[in-house]
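K.L.:
This is the structure, below, for whatever I ask next.
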Amino acid sequence: MKKYLENVREKSPLVHNITNYVTVNDVANVILAIGASPIMSDDEEDAPDITAICGGLNINIGTLNKRTIPGMFLAGKRANELGHVVLLDPVGAGASKLRTETANKLIREVRFDVVRGNISEIKTLYYGSGSTKGVDADVADKVTDDSLEAAVRFVKELAAKLDTIIAVTGAIDLVADKDKCYVIRNGRPEMGSITGTGCQLSGLMTAFLVANPDDKLGAAAAAVCTMGAAGEIAWERMQPGDGNSTYRNRIIDAIYNMDGETLEKYANYSIV
């Protein structure tokens, strides 16, 4: 895991984010904390030019609206033309018709290096429809030790179907291509009390992918381990009277101070 993080620090990639306006500031700060540079642009007249100067594009549909949708497609196709990294975060796919249809159309028309979401969102992309608890995973879908074998098989099948890397985040994280899956057990349940840790991870992951083009699966897994390790370190530093606002800031600080040795110490994963 160490080399993936060190490559991000060394290369400082520029990441274009068309992202959730609820979490856009935290996404930018996490990308800065890891040593990369963020830029945000969603207008259809601006986004294709902005993505052309960046190494990677992070598309997040968390606050989807008809004004920004054209920019997502134009930027995605421009990034594909240039051979840049593109990540999709299908926030809330399955919760509404617009989100589901937009996510499925993006999958059809843009080539994604990684699709990252919770298990309910990912299932929606597999089946073409689905249901979520707002932007959270349905309890019935969650990956547990009892369902792990089936979940690993499912994400490998979807990775093969879409010809991409699938990253499913939850209590147990799965990062897979058609042949190999990282099973990651980092993070804290309290991270769910903060709006946008998933959005932050998508921006962070895009930076890791740009900095590690020769091993995108390993890079995606390293990003998940980094975010989870930061959640653990931040929780260790919480004090009486601290709440979720402080926890959010401590996570960003933990990413800012993360080095390769610390990541190696905390990373908890197996490969199947």
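Letters A, B, ... go to the chains of the structure tokens in the order shown; residues in each chain start at 1; ligands are counted from 1 in the same order.
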Which residues are near A:Lys97? Cut-off 12 Å, only C-alpha atoms, ignore same chain within fewer than 3 positions. Put them as a VMD selection string.
P.N.:
chain A and resid 64 92 to 94 100 to 105 124 128 to 131
K.L.:
So that I have them on file, write out the residues from the current selection with C-alpha atoms, as an mmCIF file, in the first residue's frame.
P.N.:
data_model
loop_
_atom_site.group_PDB
_atom_site.id
_atom_site.type_symbol
_atom_site.label_atom_id
_atom_site.label_comp_id
_atom_site.auth_asym_id
_atom_site.auth_seq_id
_atom_site.Cartn_x
_atom_site.Cartn_y
_atom_site.Cartn_z
ATOM 1 C CA LEU A 64 -28.050 15.609 -9.513
ATOM 2 C CA GLY A 92 -28.508 7.377 -4.637
ATOM 3 C CA ALA A 93 -28.895 5.273 -7.778
ATOM 4 C CA GLY A 94 -32.120 3.374 -7.199
ATOM 5 C CA THR A 100 -31.106 5.616 -11.847
ATOM 6 C CA GLU A 101 -31.532 6.533 -15.495
ATOM 7 C CA THR A 102 -28.621 8.977 -15.442
ATOM 8 C CA ALA A 103 -26.278 6.475 -13.784
ATOM 9 C CA ASN A 104 -27.202 3.754 -16.268
ATOM 10 C CA LYS A 105 -26.785 6.103 -19.228
ATOM 11 C CA THR A 124 -28.864 -0.969 -9.172
ATOM 12 C CA GLY A 128 -30.715 -1.643 -14.173
ATOM 13 C CA SER A 129 -33.052 -0.755 -11.311
ATOM 14 C CA GLY A 130 -33.146 -1.070 -7.548
ATOM 15 C CA SER A 131 -33.891 0.613 -4.251
#
K.L.:
Can you pull out every residue within 12 Å of stretch 33-39 of chain A, counting only C-alpha atoms, but drop anything in the same chain fewer than 5 positions away, and send it as a PyMOL selection string?
P.N.:
chain A and resi 4-19+24-28+46-47+49-58+200-201+203-211+223+226-227+230+249-260
K.L.:
What residues in stretch 39-265 of chain A get the DSSP label strand (DSSP E)? Please answer as a list in words.
P.N.:
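Checking each residue of stretch 39-265 of chain A, the strand (DSSP E) ones are Ile39, Met40, Gly56, Leu57, Asn58, Ile59, Asn60, Val85, Val86, Leu87, Leu88, Asp89, Val114, Val115, Arg116, Gly117, Ile165, Ile166, Ala167, Val168, Asp173, Leu174, Val175, Ala176, Cys181, Tyr182, Val183 and Ile184 of chain A.
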K.L.:
With only C-alpha atoms as the atoms that count, which of A:Ala79, A:Ile194, A:Ile31, A:Ala95 lies nearest to A:Phe112?
P.N.:
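Of all the options, A:Ala79 lies closest to A:Phe112.
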K.L.:
Would you please work out which residue, of A:Ala222, A:Leu74, A:Cys199, A:Val168, is nearest to A:Ile122 when using only C-alpha atoms?
P.N.:
A:Val168
K.L.:
Env of A:Gly198: 9 Å cut, atoms = only C-alpha atoms, seq-sep filter 3 positions within chain, self excluded. Answer as JSON, numbers by chain.
P.N.:
{"A": [89, 91, 116, 117, 118, 169, 195, 201, 202, 203]}
K.L.:
Can I get the selection written as a compact mmCIF listing (two decimals), in the first residue's frame, with all heavy atoms?
P.N.:
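Once written, out-v7.txt looks like this:
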# COMPACT_ATOMS: atom_id res chain seq x y z
N ASP A 89 -19.29 7.82 -9.15
CA ASP A 89 -19.89 7.60 -7.84
C ASP A 89 -21.40 7.78 -8.01
O ASP A 89 -21.90 8.90 -8.00
CB ASP A 89 -19.33 8.61 -6.84
CG ASP A 89 -19.76 8.33 -5.40
OD1 ASP A 89 -20.75 7.60 -5.21
OD2 ASP A 89 -19.11 8.87 -4.48
N VAL A 91 -24.21 8.05 -6.53
CA VAL A 91 -24.88 8.30 -5.25
C VAL A 91 -26.41 8.27 -5.41
O VAL A 91 -26.98 8.99 -6.22
CB VAL A 91 -24.46 9.67 -4.66
CG1 VAL A 91 -25.20 9.93 -3.35
CG2 VAL A 91 -22.96 9.71 -4.45
N ARG A 116 -17.56 3.39 -7.94
CA ARG A 116 -17.50 3.25 -6.49
C ARG A 116 -18.81 3.67 -5.84
O ARG A 116 -19.32 4.76 -6.08
CB ARG A 116 -16.38 4.13 -5.91
CG ARG A 116 -16.08 3.81 -4.44
CD ARG A 116 -15.79 5.05 -3.62
NE ARG A 116 -16.93 5.93 -3.48
CZ ARG A 116 -17.93 5.74 -2.60
NH1 ARG A 116 -17.95 4.68 -1.80
NH2 ARG A 116 -18.93 6.60 -2.53
N GLY A 117 -19.37 2.79 -5.03
CA GLY A 117 -20.62 3.13 -4.35
C GLY A 117 -20.91 2.13 -3.25
O GLY A 117 -20.13 1.22 -2.99
N ASN A 118 -22.07 2.31 -2.60
CA ASN A 118 -22.47 1.30 -1.63
C ASN A 118 -23.11 0.13 -2.36
O ASN A 118 -23.37 0.19 -3.57
CB ASN A 118 -23.38 1.90 -0.54
CG ASN A 118 -24.73 2.37 -1.06
OD1 ASN A 118 -25.40 1.70 -1.86
ND2 ASN A 118 -25.17 3.54 -0.59
N THR A 169 -18.23 0.00 -0.90
CA THR A 169 -17.81 0.40 0.44
C THR A 169 -18.93 0.23 1.44
O THR A 169 -20.10 0.46 1.15
CB THR A 169 -17.31 1.86 0.43
OG1 THR A 169 -18.26 2.70 -0.23
CG2 THR A 169 -15.98 1.96 -0.30
N THR A 195 -21.60 13.36 6.90
CA THR A 195 -22.03 13.46 5.52
C THR A 195 -20.82 13.54 4.60
O THR A 195 -19.97 14.42 4.77
CB THR A 195 -22.90 14.71 5.30
OG1 THR A 195 -24.08 14.58 6.09
CG2 THR A 195 -23.29 14.86 3.85
N LEU A 201 -13.97 9.87 -0.45
CA LEU A 201 -13.22 8.71 -0.93
C LEU A 201 -13.16 8.69 -2.45
O LEU A 201 -12.12 8.35 -3.02
CB LEU A 201 -13.85 7.42 -0.41
CG LEU A 201 -13.25 6.11 -0.95
CD1 LEU A 201 -11.75 6.03 -0.71
CD2 LEU A 201 -13.97 4.91 -0.34
N SER A 202 -14.23 9.06 -3.12
CA SER A 202 -14.21 9.05 -4.59
C SER A 202 -13.19 10.03 -5.14
O SER A 202 -12.46 9.73 -6.09
CB SER A 202 -15.61 9.37 -5.13
OG SER A 202 -16.49 8.31 -4.86
N GLY A 203 -13.12 11.23 -4.55
CA GLY A 203 -12.09 12.18 -4.97
C GLY A 203 -10.69 11.67 -4.67
O GLY A 203 -9.79 11.76 -5.50
K.L.:
Taking the DSSP assignment computed from this structure's backbone, write out as a PyMOL selection string all residues of stretch 128-250 of chain A that belong to alpha helix (DSSP H).
P.N.:
chain A and resi 148-162+197-211+216-236+244-250
K.L.:
Please report the interatomic distance between atom CA of A:Ala75 and atom CA of A:Pro213 in Å with one decimal.
P.N.:
19.7 Å
K.L.:
Could you check how far atom CA of A:Glu264 sits from atom CA of A:Pro189, in Å to one decimal?
P.N.:
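So the answer is 21.1 Å.
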